[in-house]
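**Q** I am attaching a structure below and will ask some questions about it afterwards.
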Amino acid sequence: MDIRRNLPLLMIICFLSQMGGFMILPLFPLFIEEFGLSGWMMGVIFALFYVGKVIGGVPAAALYRKLGGQRALIVMLFILAVCMGGFAVSSAALLFGLLRLLQGLASTGLTVIVRSIIGDGGNADNRGLYNGYISSSEGGGMVLGPVISGWLALHWPLSVPFLLVTLCCLIAMGTAMGIKSTPESKQMFTTDERKQMPDLDSGADSDIPINHAHENKLISSASKDTTINDIAVHDTVAASPTSSAPNHTHAGSRARFTPRQQLIGYGTVHFLEMSAYAVFLTYFALYAAHMMHWDPFATSLAFTVAGISTLAAAPVAGYLSDRMGDRLLLCMLGMLMIGIEVVVFLSTSSYTWVYIGMLIGGVGGACYMDSFFAHIGDHIPDAGRSEVIGKIVSAAEIGSIISPLIAALLVEYVSLYAVFVFNLVLIAAAIAVQAVMRSRYRAKQG
């Protein structure tokens, strides 16, 4: 797939889908609250969205390999359109739960497919930048979505924004039809490629060959057999203050991380990050309404401010990720800024300060997402990249199921304030895991 040609279309798709998602995000808890559901039932409905995200990653990767990026995107966008239209006419908890399940499946499917397209079409010199453009387009959707839905909520029933989101998904489908896909023969794995792929379902420490796209040249067949244990990883080499021209062999010989250890580490970090993100998305609107006494428009504007900062910061964060090389450090800084965002709105209900916190959190989210997926793209070969991304995303979404349920119990038995203390604990744990991984990388290198 010609990534340069298709990148603008991917940005439009991400913009529309993200705008639709953030149009309903601040309103959905208030919308289903109108039907008199208990706090526990609302928590279950929220959690079903993340169940769909867990089960959606691997099928989306398989769909991407079989149909190509264009057709896979169309399928996911069609599912989203059906879900959004269904929300507008639904009133039963069972139907809400089913639609949320499908919405989660399509949501994670879009993430896997788009990030796989970027991973396959880019290299270590530009993956961060291209992922930054995607994050920026998503940030643009975050800007307009809450503003539109907040205004509509003041003048129309809460079901109206869902109908508008349905239209956005259909327009995104039309945009996806203009994407030029790689021929199917190039999407499928060869026997040799399949043999190189790690068996992520087994406990064996199988070797993952690194895709050295940052060398900007083809790797010889001998070097393709070199495993991750024999090659310096991108982050540790770039992080070294004394390595302007890194010696891959010697640095790698000291970085004895097995593929299984790396996958567990990255999976744990993303698990914790997605858990914290799920708590924020699910309960911030309720916290703003009941604890800060904000109206829906003010709450929607908070999401808009976060979107503006992501829109502006994502390309810069992606560029820095490519140039710094130390992607784990940028991920840690991003999570720290997200933590600052939470501390701010727990400390005050002032519009100005909370919006400043959202601005900082939006930058943090861009730093984390751009660097994380670029890092995965650097270390997984073309043949297995979409499958590995699918499994990591799906596994991380387990946290998005568990955390809203824990948060629901905290709401029932403690308070909404306790929900976001729990959120901060998750963020701190994610930073700690990344710090341990990074220190071990640097220790092995030195």
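All residue names refer to the structure tokens as shown: chains lettered A, B, ... in order, residues numbered from 1 in each chain, ligands numbered from 1 in order.
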Can you tell me, as a ChimeraX atom specification, what residues are no more than 8 Å from Gln18 (chain A) when counting only C-alpha atoms, ignoring any on the same chain fewer than 4 positions away?

**A** /A:14,22,138-139,141-142,145

**Q** Just to be explicit: take each residue in the selection above, keep N, CA, C and O atoms, and write the result as a PDB file, in the first residue's frame.

**A**
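After the write, out21.pdb holds the following:
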```pdb
ATOM      1  N   CYS A  14     -10.018   8.517  10.231  1.00  0.00           N
ATOM      2  CA  CYS A  14      -9.792   8.598  11.678  1.00  0.00           C
ATOM      3  C   CYS A  14     -10.456   9.839  12.266  1.00  0.00           C
ATOM      4  O   CYS A  14     -10.986   9.794  13.380  1.00  0.00           O
ATOM      5  N   PHE A  22     -16.381  10.768  19.942  1.00  0.00           N
ATOM      6  CA  PHE A  22     -16.362  11.796  20.975  1.00  0.00           C
ATOM      7  C   PHE A  22     -17.618  12.663  20.972  1.00  0.00           C
ATOM      8  O   PHE A  22     -17.835  13.422  21.918  1.00  0.00           O
ATOM      9  N   GLU A 138      -7.191  12.258  14.721  1.00  0.00           N
ATOM     10  CA  GLU A 138      -8.104  11.832  15.783  1.00  0.00           C
ATOM     11  C   GLU A 138      -8.345  12.974  16.773  1.00  0.00           C
ATOM     12  O   GLU A 138      -9.461  13.169  17.261  1.00  0.00           O
ATOM     13  N   GLY A 139      -7.281  13.743  17.043  1.00  0.00           N
ATOM     14  CA  GLY A 139      -7.436  14.896  17.914  1.00  0.00           C
ATOM     15  C   GLY A 139      -8.383  15.930  17.334  1.00  0.00           C
ATOM     16  O   GLY A 139      -9.148  16.566  18.064  1.00  0.00           O
ATOM     17  N   GLY A 141     -10.930  15.258  15.499  1.00  0.00           N
ATOM     18  CA  GLY A 141     -12.266  14.739  15.775  1.00  0.00           C
ATOM     19  C   GLY A 141     -12.673  14.963  17.213  1.00  0.00           C
ATOM     20  O   GLY A 141     -13.836  15.256  17.510  1.00  0.00           O
ATOM     21  N   MET A 142     -11.696  14.844  18.117  1.00  0.00           N
ATOM     22  CA  MET A 142     -11.970  15.096  19.531  1.00  0.00           C
ATOM     23  C   MET A 142     -12.338  16.555  19.773  1.00  0.00           C
ATOM     24  O   MET A 142     -13.068  16.876  20.712  1.00  0.00           O
ATOM     25  N   GLY A 145     -16.138  16.929  17.892  1.00  0.00           N
ATOM     26  CA  GLY A 145     -17.180  16.025  18.367  1.00  0.00           C
ATOM     27  C   GLY A 145     -17.908  16.496  19.614  1.00  0.00           C
ATOM     28  O   GLY A 145     -19.138  16.660  19.596  1.00  0.00           O
TER      29      GLY A 145
END
```

**Q** Excluding Leu94 (chain A) and residues on its chain fewer than 5 positions from it, collect all residues at most 10 Å away from it, counting only C-alpha atoms, and give them as a list in words.

**A**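 Counting only C-alpha atoms, the residues come to Ile45, Leu99 and Arg100 of chain A.
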
**Q** Save the residues we just selected, N, CA, C and O atoms, as a compact mmCIF listing (two decimals), in the first residue's frame?

**A**
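Contents of selection_9.txt, freshly written:
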```
# COMPACT_ATOMS: atom_id res chain seq x y z
N ILE A 45 -22.68 -2.40 31.09
CA ILE A 45 -22.83 -1.94 29.70
C ILE A 45 -21.54 -1.28 29.23
O ILE A 45 -21.08 -1.51 28.10
N LEU A 99 -25.06 -3.72 21.41
CA LEU A 99 -24.51 -2.70 20.52
C LEU A 99 -23.15 -2.20 21.03
O LEU A 99 -22.25 -1.94 20.23
N ARG A 100 -23.03 -2.09 22.34
CA ARG A 100 -21.74 -1.68 22.89
C ARG A 100 -20.66 -2.72 22.61
O ARG A 100 -19.50 -2.39 22.35
```

**Q** Using only C-alpha atoms, which residues sit within 12 Å of region 149-160 of chain A once same-chain residues fewer than 4 positions away are excluded, as a ChimeraX atom specification?

**A** /A:19-34,84-91,141-145,164-167,285,295-304

**Q** Could you tell me how far CA of Ile338 (chain A) lies from CA of Gly361 (chain A), in Å and to one decimal?

**A**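 CA of Gly361 (chain A) lies at a distance of 4.3 Å from CA of Ile338 (chain A).
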
**Q** Which is closer to Val342 (chain A) than all the others in A:Ile356, A:Leu424, A:Leu405, A:Leu410, using only C-alpha atoms?

**A**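 That would be A:Leu424, the residue with the smallest distance to Val342 (chain A).
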
**Q** Using CA of Ile113 (chain A) and CA of Gln70 (chain A) as the two end points, give the distance in Å to one decimal.

**A**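 Going from CA of Ile113 (chain A) over to CA of Gln70 (chain A) covers 9.2 Å.
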